[in-house]
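Here the structure comes first, spelled out in C-alpha cells, and everything after it is commentary.
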Amino acid sequence: MSRISARLRVPRLRAPGNAYLIAFCSGVILLYRLALWPASVWWLAVAMLAAAIWWWSRLPSRRHLAPALLCCFLVGLLWAGWSSFHRLDQKLGESEQGRTVGVSGYLCSLPSPGSFDSLRFDFCVTGWLDEQSAAPSIPRPQKLRLAWYGREGRELPDHRLRLDVVLKRPHGNLNSAGFRYEDWLFRNGIRATGSIRDIAAAPGITCGWVCHYHQRYRQVAQVVHERFREAEYYPLIASLLIGNRNYLTDEHWQTLKATGTIHLVAISGLHLGLLALAVGVSVRKLLLLLPVVWLPEHRIRLWTFCLVVGACFLYALLAGFGVPTRRALIMVGIGGWYLLLARETSPWRPYLLALTLVLALDPFAPLDQGFWLSFGAVTVLLLAFAGRFSAPGWLKGLVIAQLAIFAGLWPILTELGQQQPLAGMVANLVAIPWLSLVVMPLLFAGVLLGVLLGAPVLNGVMSVFDLVLGVLWSWLQLVQSLSLPSLADPPGLLVGLLAVCVLLALRFPMAWFRTLTMLVVLVWGGLVIWDTPARANLPVPVPEVVIWDVGQGLSVLVRSESRVLIYDTGPGVEGVYSSVESVLIPGLEARGVRRIDDLVVSHGDNDHAGGLSLLLQSLEIGRWFSGEAQAIAENLDSVVAARIQPCPDGVRYWAGLALNFWHSSVADEGNAASCVLEVYHPGSGTSLWLTGDITKAVEREMLEAGVHRRLAERRAQQWVVAPHHGSRTSSSPDWIRAMAPDEVIYTAGYQHRYGHPHPEVTRRYRDAGAQALNTACSGEISITFNGEGPVIHERRHFSPFWIGGAGLARDQCQIP
C-alpha cells in the first residue's frame with residue numbers, strides 16, 4: 001500500500017515543482033520590467049522574503065503552495081537585483097573621465113577592425129596603475145570596451161597588455177525605438193568605454209584560466225584565418241566554425257536581416273543540436289556493437305549522454321563560448337539528459353529546468369533579444385510537436401516547424417520592436433535543411449581533414465566550402481531580391497490571436513478546422529500585404545515634434561494629423577554608423593510612419609545629412625528641400641537629385657501648423673547656407689526654431705531681415721534648437737537677446753571632442769533666462785502642442801535603471 005501511495009504522490013509533486021521553477025524565473029525577469037533601483041528591490045525583496053518565511057512557518061500544514069511560490073519568486077528577484085546592483089556598483093570616477101589612466105589586463109574578445117584604421121576589443125582589467133586609482137572608494141570597472149586609433153597597421157603586441165587609456169562612463173543614444181548601445185554595454189558587463197593612448201606588452205601579468213581560454217581562442221581564430229582566408233566565403237566559414245563574425249560586411253548583414261537568417265551565423269541551438277545528433281547516433285551505434293555483458297543498455301545511454309555533452313562543450317569552447325552558445329549548451333545538456341536517459345516526464349519539465357538554469361547562471365539574459373527568441377522558438381516547437389501520436393515526415397515536419405515559428409514568434413518580435421519578414425519563412429525552408437544536412441557536416445569533415453592531412457588538401461577543402469556556401473548564399477540573395485514585405489503593422493493583440501489560430505491549425509487533428517483556419521489566415525495575410533503600401537501615416541491627436549538623440553548631429557521629426565516632416569537626418573559614416581538605420585527608421589516604424597511628406601536637409605554636412613540614400617530606399621518621400629541642394633545632389637542618383645529643391649522663403653500652412661522658411665541671401669555653401677525653419681503652433685502660440693549650423697554672420701542677416709520684430713508682434717513662446725550644437729561660431733549675444741528664447745535645446749554628443757555646447761554659449765542663454773536641455777543627457781526629446789502650451793517629455797525619465805541618466809532631476813543633467 002505504501003508503494004502504491006508513493007507512486008500516486010509522484011505526479012502530484014511534479015506540478016508544484018514546475019510552479020516553483022516558473023516562480024523563480026518570473027522573479028528574475030520581472031526586475032527588468034520595474035522602474036525601481038536594484039538596491040531598493042534588494043531590500044524590498046528581503047523584507048518580503050522574511051515575511052513569506054514567517055507566514056509559512058506559522059501555517060498548521062506545510063503543504064500550502066502560495067508561501068513557497070512567493071519565496072521562489074522573491075529568490076529570483078533577489079538574485080537578479082543583487083547581480084544588477086553588483087554590476088552597477090562598478091563605476092568610473094567622475095574625475096577619471098576624459099583623462100589618461102593606466103590599466104593592465106588581457107583581451108577578452110577577438111579584436112575587430114573598426115573605422116579609421118582602428119582596432120576594437122573588450123579588455124578585462126586586472127589592475128589600475130594610476131596612483132589616484134590605487135585605493136578607489138568604489139569598485140572600478142572590470143571590463144572595458146576600447147578602440148585603438150592611429151595604430152598605423154600595427155597589431156597588438158601580446159594577449160596581456162599594459163595600456164594608457166582615456167575613458168568615459170557607458171553612454172549611448174537614448175531613443176524610444178532602435179538599437180540602444182547602453183543596454184548592450186550593461187548586458188555584456190562593460191562599465192566604461194574609451195580609446196588607447198599608449199600600448200605595451202605585459203607578459204608578467206597573472207593569467208588565470210579565463211585569461212588562458214581567451215588567449216587560446218584567439219590563437220584558434222588566427223589559425224582559421226591563416227588556413228581559410230583565401231576562400232571566397234571565408235566570412236561565413238569563420239562565423240559557422242568558430243563564431244567569429246568580425247569579417248561579415250554590411251552587405252552580409254543586410255542579406256541576413258532581410259531574409260530572417262541571422263540565427264544561422266550565431267553558434268546556437270541549431271549548430272549544437274546538429275552536433276549532438278551526429279555524435280549521439282554515431283556513438284550509440286558503435287557502443288551497440290559491444291557485447292551486452294560488457295556494456296548494458298543503461299550504461300550505453302549514460303556513455304552516449306556524456307560523450308554528446310562533452311563534444312558540445314568542446315565545440316562551444318571552440319566557438320568562443322558566447323551567450324547564445326552557452327544558452328544552447330544548457331538546453332542540449334538538459335534535453336539530452338531526459339531523452340537519452342529515458343526519463344518519463346512531460347517535455348515541459350526539461351524546458352523549465354533549462355530556463356531556470358540559464359537565468360540562474362546568467363540573470364542578465366532577459367536583456368538579450370536572443371533569449372526571448374530562442375526560448376520562444378522552443379516553446380512554439382513544443383506546442384506544435386510534443387505529444388503527437390505519430391511523427392510527421394521530414395518535409396511535412398519542416399513546413400510545420402517554419403509555419404509555427406513564423407506565427408509564434410511574431411508577437412515576440414512585435415514586442416521587441418522588430419518586423420516579421422515574410423522572406424524569413426521562405427528562406428529558412430531551404431536554408432535550414434541545406435545548412436544542417438550539407439554545409440555543417442562538410443565544414444566539420446573538411447576541418448578535420450585539414451588538421452590531419454595539412455596543406456595538401458586545403459585547396460580542395462576550400463573549393464568544397466565555397467561550393468556549398470555559394471549555393472546557400474545564392475538562395476538567400478534570391479529571396480532578398482524578391483522584396484517580400486515585412487509584416488509589422490497589426491496591433492499586438494491581433495498578432496497574438498493570429499499566432500494562436502495558426503498553432504491550433506497545426507496541432508488540431510480535425511482536417512476541416514485546419515483548412516478553415518488556414519484560409520482565414522491566408523486571406524487576412526493577403527489583405528495586410530496588399531493594403532500595406534496604400535495606407536497613410538497613422539494620425540496623431542495633437543501636433544508633435546521629436547528631437548532624436550543622434551549624438552553629435554541633428555534630426556527632428558514634425559508630425560501633425562497624418563503629415564510628416566523630417567528636418568535633417570543626423571550623422572552617418574558608411575560602413576560604420578548611420579543614425580538613419582539605427583534611429584530614424586526604427587523610430588518612424590514604431591510611430592506608424594510610412595511616408596515622409598516633406599524632407600528638409602539644412603545643409604550638406606555629414607552630421608546633418610548622413611544616410612540619405614538609405615532613407616530614400618526605405619520610405620517614400622514627397623517634397624525635398626535643402627540649403628545646399630547642389631552639394632547634396634552630387635552624392636545621389638541623378639534621378640533622385642533632380643527632385644531636390646532649394647530652401648524656400650516665406651510661410652507655408654501645413655496641417656494646422658505654420659512652417660516659416662528662411663535662407664541667407666548671401667551664403668550658398670557650408671554652414672552659413674543652412675535652411676532655417678520655424679515651426680509655429682497658433683493654438684498655443686509657440687515657435688520652435690530649427691537653425692542648422694548657421695553662423696554669427698547669418699544671425700546678423702536674420703536680425704536685419706526683421707525676424708525678431710515679427711516675434712515681438714506675435715508674442716510667441718520661443719523654443720530654439722541651438723545653432724551648430726552650441727558652438728562658439730553661433731548664438732551671438734545680439735541674436736539671443738533678440739530671439740529671447742524660453743527654452744534652448746542642444747543636440748550634442750556625450751563627452752564629444754568638440755566640447756559642445758561651449759560654456760560661453762550656455763552662459764549667454766542662461767543669462768537670457770532660457771531653460772536648457774541637452775540630448776546627450778535627456779535622450780530623445782518630444783514636444784506635444786495643445787491649447788494650453790507645449791508639453792515636453794525627456795526619454796531618460798522613461799528609461800530603465802541601468803541607463804546612466806535615468807531618474808536624474810532636470811538640474812542634475814550637466815550643461816556647462
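Note on naming: chains are A, B, ... as they come in the C-alpha cells, residues start from 1 per chain, ligands start from 1 in the order shown.
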
message: Can you tell me, as JSON, numbers by chain, which residues in range 651-784 of chain A count as helix (DSSP H, G or I) by DSSP?
response: {"A": [671, 672, 673, 696, 697, 698, 699, 700, 701, 702, 703, 704, 707, 708, 709, 710, 711, 712, 713, 714, 723, 724, 725, 726, 733, 734, 735, 736, 737, 738, 739, 759, 760, 761, 762, 763, 764, 765, 766, 767, 775, 776, 777, 778]}

message: Let me make sure I understand: among A:Asp164, A:Arg191, A:Ala311, A:His159, which one has the smallest atom-to-atom distance to Lys91 in chain A if we use only C-alpha atoms?
response: A:Arg191

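Here CA of Asp693 in chain A stands at a distance of 16.9 Å from CA of Gly572 in chain A.
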
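CA of Ala80 in chain A is found 12.4 Å from CA of Thr356 in chain A.
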
Please, which residues of range 573-757 of chain A, numbered as in this document, come out strand (DSSP E or B) from DSSP, as a CSV table (one decimal) with C-alpha atoms, in the first residue's frame?
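This is the output file out_25.csv:
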```csv
chain,number,residue,atom,x,y,z
A,573,VAL,CA,29.7,57.1,-41.8
A,577,TYR,CA,27.3,54.0,-38.3
A,578,SER,CA,24.1,55.6,-39.6
A,595,ARG,CA,5.7,58.2,-45.9
A,596,ILE,CA,7.6,61.4,-45.4
A,597,ASP,CA,5.7,64.3,-46.8
A,598,ASP,CA,8.5,66.9,-46.5
A,599,LEU,CA,12.2,66.4,-46.1
A,600,VAL,CA,14.3,69.4,-45.2
A,601,VAL,CA,18.1,68.9,-45.1
A,620,GLU,CA,8.6,57.3,-49.9
A,621,ILE,CA,9.4,61.0,-49.8
A,622,GLY,CA,7.3,63.8,-51.1
A,623,ARG,CA,8.9,67.3,-51.3
A,624,TRP,CA,12.6,67.7,-50.6
A,625,PHE,CA,14.3,71.0,-49.7
A,626,SER,CA,17.9,71.9,-48.8
A,645,GLN,CA,14.6,72.0,-54.4
A,646,PRO,CA,16.4,75.0,-52.9
A,650,GLY,CA,8.0,82.5,-46.6
A,651,VAL,CA,5.2,80.8,-44.7
A,652,ARG,CA,3.5,77.5,-45.7
A,653,TYR,CA,0.4,76.3,-43.8
A,654,TRP,CA,0.8,72.7,-43.1
A,657,LEU,CA,0.9,74.4,-38.3
A,658,ALA,CA,2.7,77.3,-39.9
A,659,LEU,CA,6.1,76.5,-41.4
A,660,ASN,CA,8.2,79.6,-41.9
A,661,PHE,CA,11.3,79.0,-44.1
A,662,TRP,CA,14.3,81.4,-44.2
A,676,VAL,CA,16.2,77.7,-41.3
A,677,LEU,CA,12.8,76.5,-40.3
A,678,GLU,CA,10.3,77.9,-37.8
A,679,VAL,CA,7.5,75.6,-36.7
A,680,TYR,CA,4.7,77.7,-35.3
A,681,HIS,CA,1.7,76.3,-33.5
A,686,THR,CA,4.6,78.5,-29.6
A,687,SER,CA,7.5,78.7,-32.1
A,688,LEU,CA,10.3,76.1,-32.4
A,689,TRP,CA,13.3,77.3,-34.4
A,690,LEU,CA,15.4,74.7,-36.3
A,717,GLN,CA,6.7,81.4,-26.7
A,718,GLN,CA,10.2,80.8,-28.2
A,719,TRP,CA,11.9,77.4,-28.3
A,720,VAL,CA,15.3,77.3,-30.1
A,721,VAL,CA,17.4,74.3,-31.1
A,743,GLU,CA,13.9,77.1,-23.9
A,744,VAL,CA,17.1,76.1,-25.7
A,745,ILE,CA,17.9,72.6,-26.8
A,746,TYR,CA,21.4,71.4,-27.5
```

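Of the residues under consideration (A:Ile22, A:Val101, A:Val556, A:Leu256), A:Val556 shows the shortest atom-to-atom contact distance to Ser782 in chain A when counting only C-alpha atoms.
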
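Omitting Arg99 in chain A and its sequence neighbours fewer than 5 positions away, and counting only C-alpha atoms, the residues within 12 Å are Leu92, Gly93, Glu94, Asp130, Gln132, Asp164, Val165, Val166, Leu167, Lys168, Gly194, Ser195, Ile196, Arg197 and Gln751 of chain A.
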